[in-house]
$ cat entry.pdb   # PDB, C-alpha atoms, pLDDT in the B column
MODEL        1
ATOM      1  CA  MET U 935      42.705 -56.551  91.524  1.00 45.00           C
ATOM      2  CA  VAL U 936      44.409 -59.871  90.930  1.00 44.00           C
ATOM      3  CA  HIS U 937      43.144 -61.646  87.874  1.00 44.00           C
ATOM      4  CA  GLN U 938      42.271 -65.196  88.708  1.00 42.00           C
ATOM      5  CA  GLN U 939      42.036 -66.769  85.297  1.00 43.00           C
ATOM      6  CA  GLN U 940      44.857 -68.824  83.907  1.00 45.00           C
ATOM      7  CA  SER U 941      47.415 -67.046  81.734  1.00 44.00           C
ATOM      8  CA  THR U 942      46.528 -66.978  78.066  1.00 48.00           C
ATOM      9  CA  PRO U 943      49.137 -67.168  75.298  1.00 53.00           C
ATOM     10  CA  ALA U 944      51.159 -63.958  75.269  1.00 58.00           C
ATOM     11  CA  ASP U 945      49.618 -61.155  73.201  1.00 70.00           C
ATOM     12  CA  PRO U 946      52.490 -58.897  72.058  1.00 69.00           C
ATOM     13  CA  ASP U 947      50.452 -55.731  72.717  1.00 74.00           C
ATOM     14  CA  ALA U 948      49.573 -56.845  76.243  1.00 80.00           C
ATOM     15  CA  VAL U 949      53.183 -57.847  76.858  1.00 80.00           C
ATOM     16  CA  LEU U 950      54.466 -54.479  75.630  1.00 77.00           C
ATOM     17  CA  ARG U 951      51.964 -52.611  77.786  1.00 80.00           C
ATOM     18  CA  ALA U 952      52.918 -54.737  80.777  1.00 84.00           C
ATOM     19  CA  LEU U 953      56.602 -54.024  80.181  1.00 80.00           C
ATOM     20  CA  ALA U 954      56.028 -50.272  79.913  1.00 76.00           C
ATOM     21  CA  ASP U 955      56.309 -49.796  83.661  1.00 80.00           C
ATOM     22  CA  PRO U 956      59.506 -49.708  85.717  1.00 81.00           C
ATOM     23  CA  HIS U 957      57.972 -51.475  88.728  1.00 88.00           C
ATOM     24  CA  ARG U 958      56.735 -54.341  86.619  1.00 90.00           C
ATOM     25  CA  ARG U 959      60.116 -54.687  84.912  1.00 84.00           C
ATOM     26  CA  GLU U 960      61.703 -54.818  88.368  1.00 86.00           C
ATOM     27  CA  ILE U 961      59.241 -57.530  89.438  1.00 91.00           C
ATOM     28  CA  LEU U 962      60.202 -59.543  86.353  1.00 88.00           C
ATOM     29  CA  ARG U 963      63.879 -59.213  87.258  1.00 84.00           C
ATOM     30  CA  LEU U 964      63.109 -60.504  90.756  1.00 88.00           C
ATOM     31  CA  VAL U 965      61.236 -63.568  89.550  1.00 90.00           C
ATOM     32  CA  GLN U 966      63.332 -64.419  86.512  1.00 84.00           C
ATOM     33  CA  ARG U 967      65.518 -66.922  88.355  1.00 79.00           C
ATOM     34  CA  ALA U 968      63.585 -67.766  91.495  1.00 87.00           C
ATOM     35  CA  GLU U 969      59.949 -68.426  92.257  1.00 93.00           C
ATOM     36  CA  LEU U 970      58.901 -65.896  94.897  1.00 95.00           C
ATOM     37  CA  PRO U 971      55.847 -65.321  97.100  1.00 94.00           C
ATOM     38  CA  ALA U 972      53.969 -62.027  96.689  1.00 91.00           C
ATOM     39  CA  GLY U 973      55.060 -60.812 100.113  1.00 91.00           C
ATOM     40  CA  GLN U 974      58.727 -61.232  99.324  1.00 92.00           C
ATOM     41  CA  ILE U 975      58.257 -59.408  96.008  1.00 94.00           C
ATOM     42  CA  ALA U 976      56.440 -56.553  97.758  1.00 93.00           C
ATOM     43  CA  ALA U 977      59.268 -56.259 100.311  1.00 93.00           C
ATOM     44  CA  ASN U 978      61.486 -54.949  97.494  1.00 91.00           C
ATOM     45  CA  PHE U 979      59.254 -51.939  96.847  1.00 90.00           C
ATOM     46  CA  SER U 980      57.947 -48.926  98.713  1.00 91.00           C
ATOM     47  CA  LEU U 981      54.580 -49.637  97.112  1.00 90.00           C
ATOM     48  CA  THR U 982      51.544 -50.903  98.996  1.00 90.00           C
ATOM     49  CA  GLN U 983      50.855 -54.622  98.869  1.00 89.00           C
ATOM     50  CA  GLN U 984      47.734 -53.780  96.896  1.00 92.00           C
ATOM     51  CA  ALA U 985      49.727 -51.895  94.247  1.00 94.00           C
ATOM     52  CA  VAL U 986      52.148 -54.811  93.947  1.00 95.00           C
ATOM     53  CA  SER U 987      49.174 -57.172  93.598  1.00 94.00           C
ATOM     54  CA  GLN U 988      47.847 -55.014  90.768  1.00 95.00           C
ATOM     55  CA  HIS U 989      51.195 -55.152  88.975  1.00 96.00           C
ATOM     56  CA  LEU U 990      51.322 -58.933  89.446  1.00 96.00           C
ATOM     57  CA  GLY U 991      47.825 -59.111  87.969  1.00 96.00           C
ATOM     58  CA  VAL U 992      48.873 -57.161  84.858  1.00 94.00           C
ATOM     59  CA  LEU U 993      51.965 -59.335  84.412  1.00 94.00           C
ATOM     60  CA  LYS U 994      49.944 -62.509  84.848  1.00 94.00           C
ATOM     61  CA  GLN U 995      47.258 -61.291  82.456  1.00 92.00           C
ATOM     62  CA  ALA U 996      49.948 -60.602  79.855  1.00 90.00           C
ATOM     63  CA  GLY U 997      51.273 -64.115  80.365  1.00 90.00           C
ATOM     64  CA  LEU U 998      54.632 -62.855  81.609  1.00 91.00           C
ATOM     65  CA  ILE U 999      54.479 -64.619  84.958  1.00 94.00           C
ATOM     66  CA  SER U1000      52.895 -67.803  86.209  1.00 94.00           C
ATOM     67  CA  GLU U1001      51.220 -68.163  89.575  1.00 95.00           C
ATOM     68  CA  ARG U1002      51.339 -71.321  91.686  1.00 94.00           C
ATOM     69  CA  ARG U1003      49.596 -71.891  94.989  1.00 93.00           C
ATOM     70  CA  GLU U1004      51.431 -73.580  97.797  1.00 90.00           C
ATOM     71  CA  GLY U1005      49.238 -73.763 100.883  1.00 91.00           C
ATOM     72  CA  THR U1006      48.101 -70.204 101.544  1.00 89.00           C
ATOM     73  CA  ARG U1007      50.983 -68.689  99.586  1.00 90.00           C
ATOM     74  CA  ARG U1008      51.013 -67.716  95.941  1.00 92.00           C
ATOM     75  CA  LEU U1009      54.335 -68.126  94.203  1.00 95.00           C
ATOM     76  CA  TYR U1010      55.283 -66.230  91.063  1.00 96.00           C
ATOM     77  CA  SER U1011      57.880 -66.931  88.405  1.00 93.00           C
ATOM     78  CA  LEU U1012      58.802 -65.516  84.990  1.00 90.00           C
ATOM     79  CA  ARG U1013      57.474 -67.267  81.883  1.00 88.00           C
ATOM     80  CA  HIS U1014      60.482 -66.764  79.631  1.00 79.00           C
ATOM     81  CA  GLU U1015      58.564 -68.017  76.602  1.00 79.00           C
ATOM     82  CA  ALA U1016      56.149 -65.063  76.893  1.00 77.00           C
ATOM     83  CA  LEU U1017      58.905 -62.737  75.729  1.00 74.00           C
ATOM     84  CA  GLU U1018      59.427 -64.602  72.498  1.00 70.00           C
ATOM     85  CA  PRO U1019      56.500 -63.029  70.538  1.00 65.00           C
ATOM     86  CA  VAL U1020      57.737 -59.586  71.545  1.00 66.00           C
ATOM     87  CA  ARG U1021      61.246 -60.399  70.400  1.00 64.00           C
ATOM     88  CA  LEU U1022      59.829 -61.573  67.094  1.00 63.00           C
ATOM     89  CA  LEU U1023      57.596 -58.516  66.795  1.00 62.00           C
ATOM     90  CA  LEU U1024      60.521 -56.217  67.416  1.00 63.00           C
ATOM     91  CA  SER U1025      62.698 -58.153  65.013  1.00 66.00           C
ATOM     92  CA  GLU U1026      60.102 -57.588  62.269  1.00 72.00           C
ATOM     93  CA  PHE U1027      59.197 -53.995  63.039  1.00 78.00           C
ATOM     94  CA  TRP U1028      62.239 -52.191  61.645  1.00 83.00           C
ATOM     95  CA  PRO U1029      62.816 -54.375  58.577  1.00 84.00           C
ATOM     96  CA  ASP U1030      59.132 -53.870  57.684  1.00 84.00           C
ATOM     97  CA  ALA U1031      59.449 -50.113  58.248  1.00 87.00           C
ATOM     98  CA  LEU U1032      62.654 -49.856  56.195  1.00 92.00           C
ATOM     99  CA  GLY U1033      60.963 -51.825  53.425  1.00 90.00           C
ATOM    100  CA  ARG U1034      58.228 -49.170  53.375  1.00 91.00           C
ATOM    101  CA  LEU U1035      60.886 -46.436  53.444  1.00 94.00           C
ATOM    102  CA  LYS U1036      62.529 -47.973  50.375  1.00 94.00           C
ATOM    103  CA  THR U1037      59.181 -48.044  48.566  1.00 93.00           C
ATOM    104  CA  ALA U1038      58.333 -44.484  49.618  1.00 94.00           C
ATOM    105  CA  VAL U1039      61.671 -43.075  48.462  1.00 95.00           C
ATOM    106  CA  GLU U1040      61.878 -45.017  45.220  1.00 94.00           C
ATOM    107  CA  THR U1041      58.324 -44.186  44.169  1.00 92.00           C
ATOM    108  CA  ALA U1042      58.457 -40.558  45.312  1.00 86.00           C
ATOM    109  CA  ASP U1043      57.962 -37.556  43.115  1.00 69.00           C
ATOM    110  CA  PRO U1044      61.526 -36.637  42.064  1.00 65.00           C
ATOM    111  CA  ARG U1045      60.990 -32.996  43.016  1.00 60.00           C
ATOM    112  CA  PRO U1046      62.826 -32.142  46.203  1.00 56.00           C
ATOM    113  CA  PRO U1047      60.570 -32.139  49.260  1.00 52.00           C
ATOM    114  CA  THR U1048      59.364 -28.783  50.440  1.00 57.00           C
ATOM    115  CA  ARG U1049      60.714 -28.154  53.876  1.00 55.00           C
ATOM    116  CA  LYS U1050      58.336 -26.794  56.431  1.00 50.00           C
ATOM    117  CA  SER U1051      59.645 -24.010  58.573  1.00 45.00           C
TER
ATOM    118  CA  MET Q 469      66.580 -56.310  53.535  1.00 50.00           C
ATOM    119  CA  SER Q 470      67.935 -58.084  56.554  1.00 56.00           C
ATOM    120  CA  ALA Q 471      67.576 -57.989  60.298  1.00 58.00           C
ATOM    121  CA  GLU Q 472      68.869 -59.755  63.324  1.00 61.00           C
ATOM    122  CA  ILE Q 473      68.654 -59.597  67.069  1.00 60.00           C
ATOM    123  CA  ARG Q 474      72.002 -60.000  68.689  1.00 62.00           C
ATOM    124  CA  ASN Q 475      71.955 -59.847  72.460  1.00 61.00           C
ATOM    125  CA  ASP Q 476      69.873 -56.755  73.071  1.00 64.00           C
ATOM    126  CA  VAL Q 477      70.457 -54.994  69.773  1.00 77.00           C
ATOM    127  CA  ILE Q 478      68.183 -55.089  66.761  1.00 78.00           C
ATOM    128  CA  LEU Q 479      70.027 -54.505  63.511  1.00 84.00           C
ATOM    129  CA  ALA Q 480      68.175 -53.847  60.258  1.00 86.00           C
ATOM    130  CA  THR Q 481      69.605 -52.860  56.889  1.00 90.00           C
ATOM    131  CA  GLU Q 482      68.097 -51.733  53.600  1.00 91.00           C
ATOM    132  CA  ARG Q 483      69.467 -50.615  50.250  1.00 92.00           C
ATOM    133  CA  ILE Q 484      67.574 -47.755  48.604  1.00 93.00           C
ATOM    134  CA  LYS Q 485      67.936 -46.525  45.039  1.00 93.00           C
ATOM    135  CA  ALA Q 486      68.453 -42.845  45.887  1.00 94.00           C
ATOM    136  CA  ALA Q 487      71.190 -40.627  47.269  1.00 95.00           C
ATOM    137  CA  PRO Q 488      71.546 -40.109  51.043  1.00 96.00           C
ATOM    138  CA  GLU Q 489      70.488 -36.464  50.519  1.00 96.00           C
ATOM    139  CA  VAL Q 490      67.132 -37.749  49.250  1.00 94.00           C
ATOM    140  CA  VAL Q 491      66.691 -40.400  51.961  1.00 94.00           C
ATOM    141  CA  PHE Q 492      67.725 -38.314  54.969  1.00 96.00           C
ATOM    142  CA  PRO Q 493      64.654 -36.007  55.081  1.00 96.00           C
ATOM    143  CA  TYR Q 494      62.505 -39.123  55.527  1.00 95.00           C
ATOM    144  CA  PHE Q 495      63.806 -39.110  59.104  1.00 95.00           C
ATOM    145  CA  THR Q 496      63.309 -35.392  59.766  1.00 97.00           C
ATOM    146  CA  ASP Q 497      60.409 -34.050  57.687  1.00 96.00           C
ATOM    147  CA  PRO Q 498      56.990 -34.972  59.187  1.00 96.00           C
ATOM    148  CA  ALA Q 499      55.307 -35.126  55.777  1.00 95.00           C
ATOM    149  CA  LEU Q 500      57.923 -37.610  54.555  1.00 94.00           C
ATOM    150  CA  ILE Q 501      58.182 -39.592  57.809  1.00 93.00           C
ATOM    151  CA  VAL Q 502      54.502 -40.556  57.702  1.00 92.00           C
ATOM    152  CA  ARG Q 503      54.950 -41.940  54.200  1.00 91.00           C
ATOM    153  CA  TRP Q 504      56.733 -44.932  55.757  1.00 91.00           C
ATOM    154  CA  ILE Q 505      56.165 -44.971  59.515  1.00 89.00           C
ATOM    155  CA  GLY Q 506      53.347 -43.844  61.814  1.00 86.00           C
ATOM    156  CA  SER Q 507      50.202 -41.946  60.913  1.00 86.00           C
ATOM    157  CA  ARG Q 508      51.243 -38.601  62.373  1.00 92.00           C
ATOM    158  CA  ALA Q 509      54.662 -37.203  63.208  1.00 95.00           C
ATOM    159  CA  GLU Q 510      55.652 -34.311  65.417  1.00 96.00           C
ATOM    160  CA  VAL Q 511      59.354 -33.637  65.181  1.00 97.00           C
ATOM    161  CA  ASP Q 512      61.915 -30.973  65.923  1.00 98.00           C
ATOM    162  CA  PRO Q 513      64.975 -32.362  64.142  1.00 97.00           C
ATOM    163  CA  GLN Q 514      67.816 -31.032  66.239  1.00 97.00           C
ATOM    164  CA  PRO Q 515      69.662 -32.622  69.168  1.00 97.00           C
ATOM    165  CA  GLY Q 516      67.260 -32.539  72.117  1.00 95.00           C
ATOM    166  CA  GLY Q 517      64.303 -31.834  69.848  1.00 96.00           C
ATOM    167  CA  VAL Q 518      61.152 -33.934  70.107  1.00 95.00           C
ATOM    168  CA  PHE Q 519      60.627 -37.038  67.991  1.00 94.00           C
ATOM    169  CA  CYS Q 520      57.059 -38.278  68.299  1.00 93.00           C
ATOM    170  CA  LEU Q 521      55.255 -40.787  66.102  1.00 89.00           C
ATOM    171  CA  ASP Q 522      51.563 -41.530  66.425  1.00 86.00           C
ATOM    172  CA  PHE Q 523      50.650 -45.055  65.322  1.00 76.00           C
ATOM    173  CA  GLY Q 524      46.998 -44.711  66.269  1.00 71.00           C
ATOM    174  CA  GLU Q 525      46.786 -46.970  69.323  1.00 62.00           C
ATOM    175  CA  VAL Q 526      50.407 -46.525  70.289  1.00 68.00           C
ATOM    176  CA  VAL Q 527      52.604 -43.444  70.414  1.00 77.00           C
ATOM    177  CA  ALA Q 528      56.375 -43.651  70.252  1.00 82.00           C
ATOM    178  CA  ARG Q 529      58.085 -40.679  71.844  1.00 86.00           C
ATOM    179  CA  GLY Q 530      61.665 -39.598  72.256  1.00 90.00           C
ATOM    180  CA  VAL Q 531      64.161 -36.930  71.318  1.00 93.00           C
ATOM    181  CA  TYR Q 532      66.722 -36.591  68.584  1.00 96.00           C
ATOM    182  CA  ILE Q 533      70.246 -37.257  69.771  1.00 96.00           C
ATOM    183  CA  THR Q 534      72.136 -36.806  66.529  1.00 97.00           C
ATOM    184  CA  VAL Q 535      71.078 -34.984  63.360  1.00 98.00           C
ATOM    185  CA  GLU Q 536      73.900 -34.978  60.817  1.00 98.00           C
ATOM    186  CA  PRO Q 537      72.495 -34.700  57.281  1.00 97.00           C
ATOM    187  CA  PRO Q 538      72.802 -36.666  55.133  1.00 97.00           C
ATOM    188  CA  SER Q 539      74.633 -39.446  56.912  1.00 97.00           C
ATOM    189  CA  ARG Q 540      73.445 -39.995  60.459  1.00 98.00           C
ATOM    190  CA  VAL Q 541      70.395 -39.531  62.627  1.00 98.00           C
ATOM    191  CA  ALA Q 542      69.753 -40.974  66.078  1.00 97.00           C
ATOM    192  CA  PHE Q 543      66.829 -40.623  68.447  1.00 95.00           C
ATOM    193  CA  THR Q 544      65.522 -42.128  71.642  1.00 90.00           C
ATOM    194  CA  TRP Q 545      62.411 -44.266  71.527  1.00 83.00           C
ATOM    195  CA  GLY Q 546      59.917 -44.846  74.307  1.00 79.00           C
ATOM    196  CA  ILE Q 547      56.288 -45.884  74.517  1.00 70.00           C
ATOM    197  CA  PRO Q 548      54.412 -43.756  77.069  1.00 67.00           C
ATOM    198  CA  GLY Q 549      51.818 -45.845  78.853  1.00 53.00           C
ATOM    199  CA  ASP Q 550      50.166 -45.607  82.242  1.00 34.00           C
ATOM    200  CA  ASP Q 551      53.648 -45.159  83.584  1.00 41.00           C
ATOM    201  CA  ALA Q 552      55.866 -44.093  80.747  1.00 39.00           C
ATOM    202  CA  LEU Q 553      58.625 -46.226  79.439  1.00 52.00           C
ATOM    203  CA  PRO Q 554      61.186 -43.485  79.883  1.00 56.00           C
ATOM    204  CA  ASP Q 555      62.419 -41.594  76.861  1.00 57.00           C
ATOM    205  CA  GLY Q 556      65.963 -42.707  76.456  1.00 63.00           C
ATOM    206  CA  GLY Q 557      65.106 -46.226  77.555  1.00 71.00           C
ATOM    207  CA  SER Q 558      65.946 -47.269  74.036  1.00 82.00           C
ATOM    208  CA  THR Q 559      67.914 -45.690  71.227  1.00 88.00           C
ATOM    209  CA  VAL Q 560      67.581 -45.879  67.454  1.00 91.00           C
ATOM    210  CA  ASP Q 561      70.694 -45.062  65.464  1.00 95.00           C
ATOM    211  CA  VAL Q 562      70.526 -44.721  61.680  1.00 95.00           C
ATOM    212  CA  VAL Q 563      73.567 -44.476  59.420  1.00 96.00           C
ATOM    213  CA  LEU Q 564      73.147 -43.646  55.717  1.00 96.00           C
ATOM    214  CA  THR Q 565      76.083 -44.649  53.537  1.00 97.00           C
ATOM    215  CA  ARG Q 566      76.414 -43.741  49.879  1.00 97.00           C
ATOM    216  CA  ASP Q 567      77.134 -46.717  47.627  1.00 96.00           C
ATOM    217  CA  GLY Q 568      77.256 -45.678  43.980  1.00 96.00           C
ATOM    218  CA  ASP Q 569      73.818 -44.226  43.209  1.00 94.00           C
ATOM    219  CA  ASP Q 570      72.292 -46.019  46.190  1.00 93.00           C
ATOM    220  CA  THR Q 571      72.082 -45.491  49.920  1.00 94.00           C
ATOM    221  CA  VAL Q 572      72.637 -48.296  52.370  1.00 93.00           C
ATOM    222  CA  VAL Q 573      70.608 -47.691  55.525  1.00 93.00           C
ATOM    223  CA  VAL Q 574      71.842 -49.403  58.675  1.00 92.00           C
ATOM    224  CA  LEU Q 575      69.533 -49.069  61.666  1.00 92.00           C
ATOM    225  CA  THR Q 576      70.344 -50.295  65.156  1.00 89.00           C
ATOM    226  CA  HIS Q 577      67.866 -50.242  68.018  1.00 85.00           C
ATOM    227  CA  ARG Q 578      69.384 -50.707  71.451  1.00 82.00           C
ATOM    228  CA  GLY Q 579      68.035 -50.986  74.954  1.00 73.00           C
ATOM    229  CA  LEU Q 580      64.508 -52.284  74.446  1.00 66.00           C
ATOM    230  CA  PRO Q 581      62.873 -53.461  77.649  1.00 57.00           C
ATOM    231  CA  ALA Q 582      61.846 -56.874  76.355  1.00 52.00           C
ATOM    232  CA  THR Q 583      65.388 -57.665  75.392  1.00 42.00           C
ATOM    233  CA  GLN Q 584      66.852 -56.170  78.553  1.00 44.00           C
ATOM    234  CA  LEU Q 585      65.281 -58.601  80.947  1.00 42.00           C
ATOM    235  CA  ASP Q 586      68.103 -61.090  80.965  1.00 41.00           C
ATOM    236  CA  ASN Q 587      70.470 -58.361  82.018  1.00 36.00           C
ATOM    237  CA  HIS Q 588      71.078 -56.992  85.417  1.00 29.00           C
ATOM    238  CA  ARG Q 589      69.796 -53.554  86.321  1.00 34.00           C
ATOM    239  CA  ALA Q 590      73.316 -52.283  85.645  1.00 36.00           C
ATOM    240  CA  GLY Q 591      72.594 -52.886  81.985  1.00 35.00           C
ATOM    241  CA  TRP Q 592      69.952 -50.170  82.007  1.00 34.00           C
ATOM    242  CA  GLU Q 593      72.093 -47.750  83.935  1.00 37.00           C
ATOM    243  CA  HIS Q 594      75.025 -48.385  81.650  1.00 39.00           C
ATOM    244  CA  ARG Q 595      72.818 -47.717  78.651  1.00 36.00           C
ATOM    245  CA  LEU Q 596      71.420 -44.520  80.129  1.00 33.00           C
ATOM    246  CA  ALA Q 597      74.960 -43.383  80.874  1.00 38.00           C
ATOM    247  CA  GLN Q 598      75.902 -44.105  77.262  1.00 38.00           C
ATOM    248  CA  LEU Q 599      72.871 -42.149  76.150  1.00 33.00           C
ATOM    249  CA  GLY Q 600      73.821 -39.237  78.390  1.00 35.00           C
ATOM    250  CA  ALA Q 601      77.334 -39.282  76.954  1.00 39.00           C
ATOM    251  CA  ALA Q 602      75.938 -39.353  73.423  1.00 37.00           C
ATOM    252  CA  ALA Q 603      73.506 -36.531  74.164  1.00 34.00           C
ATOM    253  CA  GLY Q 604      76.174 -34.458  75.895  1.00 32.00           C
TER
ENDMDL
END

$ encode --input "entry.pdb" --output "structure tokens"
Amino acid sequence: MVHQQQSTPADPDAVLRALADPHRREILRLVQRAELPAGQIAANFSLTQQAVSQHLGVLKQAGLISERREGTRRLYSLRHEALEPVRLLLSEFWPDALGRLKTAVETADPRPPTRKS
Amino acid sequence: MSAEIRNDVILATERIKAAPEVVFPYFTDPALIVRWIGSRAEVDPQPGGVFCLDFGEVVARGVYITVEPPSRVAFTWGIPGDDALPDGGSTVDVVLTRDGDDTVVVLTHRGLPATQLDNHRAGWEHRLAQLGAAAG
């Protein structure tokens, strides 16, 4: 199913889920520099046109691509700005985690941890 | 604490008031791992052994590449979804360095999909080859 509604601002979770698929990452590589019609995108895969349409729908829903109609054709291109929240999320993830590690270690019971066998 | 994204590498550092011998098990002992990351951990801390963190809605899964107590631990990091982001698609490398009574933790995360998009496919293959070399 191709989602018809306009792309909403990128939700990092939706973007991450959309990126967690090799076909969709390949589609993004195809449309990152050139706007392409669905048929030309599908020609790069052994998938059915319907499967490619589904992937395009997920990418569009996540805000990763924009869709433009030109006559009967639909043209797709990468929305580079959609990746920014994910980059920020990833840039915060590890510093946050290491901050919690510091707290956990420094407030831990000084007894050595019991190792599970 | 500091962090930066440079090209496709995330670099984060932290200074901890404890010896590396105390910090290291927080990357290998499930009971200690969940004190700072994830809600459940299933790990087999040896090269090739599973490294799985349950965050509730999201699970991060990979394998340990390097386990060298108390100074270095590395593991792959993927997020299985409908079609899994392959284990080995990204790599987390942690180096623990003693500095007086403290440990300086330097963590690098390489090969994340969101940061790979500007690169050609060769970037992925190169990274997987690096990973294979590291695992071998």

$ residues_around --input "entry.pdb" --residues "region 484-501 of chain Q" --least-positions-apart "5" --cutoff "8 Å" --atoms "only C-alpha atoms" --output "list in words"
Leu1035, Lys1036, Val1039, Glu1040, Pro1046, Arg1049 and Lys1050 of chain U; Gly506, Arg508, Ala509, Glu510, Val511, Asp512, Pro513, Pro537, Pro538, Ser539, Val541, Leu564, Thr565, Arg566, Asp569, Asp570, Thr571, Val572 and Val573 of chain Q

$ atom_distance --input "entry.pdb" --atom1 "CA of Thr481 (chain Q)" --atom2 "CA of Thr1037 (chain U)"
14.2 Å

$ interface_residues --input "entry.pdb" --of "chain U" --to "chain Q" --cutoff "7 Å" --atoms "all atoms listed in the file" --output "compact mmCIF listing (two decimals) with C-alpha atoms, keeping the file's coordinate frame"
# COMPACT_ATOMS: atom_id res chain seq x y z
CA ARG U 951 51.96 -52.61 77.79
CA LEU U 953 56.60 -54.02 80.18
CA ALA U 954 56.03 -50.27 79.91
CA ASP U 955 56.31 -49.80 83.66
CA ARG U 963 63.88 -59.21 87.26
CA LEU U 1017 58.90 -62.74 75.73
CA VAL U 1020 57.74 -59.59 71.54
CA ARG U 1021 61.25 -60.40 70.40
CA SER U 1025 62.70 -58.15 65.01
CA TRP U 1028 62.24 -52.19 61.64
CA PRO U 1029 62.82 -54.38 58.58
CA ALA U 1031 59.45 -50.11 58.25
CA LEU U 1032 62.65 -49.86 56.20
CA ARG U 1034 58.23 -49.17 53.38
CA LEU U 1035 60.89 -46.44 53.44
CA LYS U 1036 62.53 -47.97 50.38
CA ALA U 1038 58.33 -44.48 49.62
CA VAL U 1039 61.67 -43.08 48.46
CA GLU U 1040 61.88 -45.02 45.22

$ resolve_selection --input "entry.pdb" --expression "the PyMOL selection byres ((chain U and resi 974) around 12)" --output "ChimeraX atom specification"
/U:961,964-965,968-973,975-979,983,986-987,1007-1010

$ write_last_selection --input "entry.pdb" --atoms "C-alpha atoms" --output "short mmCIF file (atom, residue, chain, number, x, y, z; two decimals), in the frame of the given file"
data_model
loop_
_atom_site.label_atom_id
_atom_site.label_comp_id
_atom_site.auth_asym_id
_atom_site.auth_seq_id
_atom_site.Cartn_x
_atom_site.Cartn_y
_atom_site.Cartn_z
CA ILE U 961 59.24 -57.53 89.44
CA LEU U 964 63.11 -60.50 90.76
CA VAL U 965 61.24 -63.57 89.55
CA ALA U 968 63.58 -67.77 91.50
CA GLU U 969 59.95 -68.43 92.26
CA LEU U 970 58.90 -65.90 94.90
CA PRO U 971 55.85 -65.32 97.10
CA ALA U 972 53.97 -62.03 96.69
CA GLY U 973 55.06 -60.81 100.11
CA ILE U 975 58.26 -59.41 96.01
CA ALA U 976 56.44 -56.55 97.76
CA ALA U 977 59.27 -56.26 100.31
CA ASN U 978 61.49 -54.95 97.49
CA PHE U 979 59.25 -51.94 96.85
CA GLN U 983 50.86 -54.62 98.87
CA VAL U 986 52.15 -54.81 93.95
CA SER U 987 49.17 -57.17 93.60
CA ARG U 1007 50.98 -68.69 99.59
CA ARG U 1008 51.01 -67.72 95.94
CA LEU U 1009 54.34 -68.13 94.20
CA TYR U 1010 55.28 -66.23 91.06
#

$ residues_around --input "entry.pdb" --residues "Ala952 (chain U)" --least-positions-apart "5" --cutoff "9 Å" --atoms "all atoms listed in the file" --output "list in words"
Asp947, Arg958, Arg959, His989, Val992, Leu993, Gln995, Ala996 and Leu998 of chain U

$ atom_distance --input "entry.pdb" --atom1 "CA of Cys520 (chain Q)" --atom2 "CA of Gly579 (chain Q)"
18.1 Å
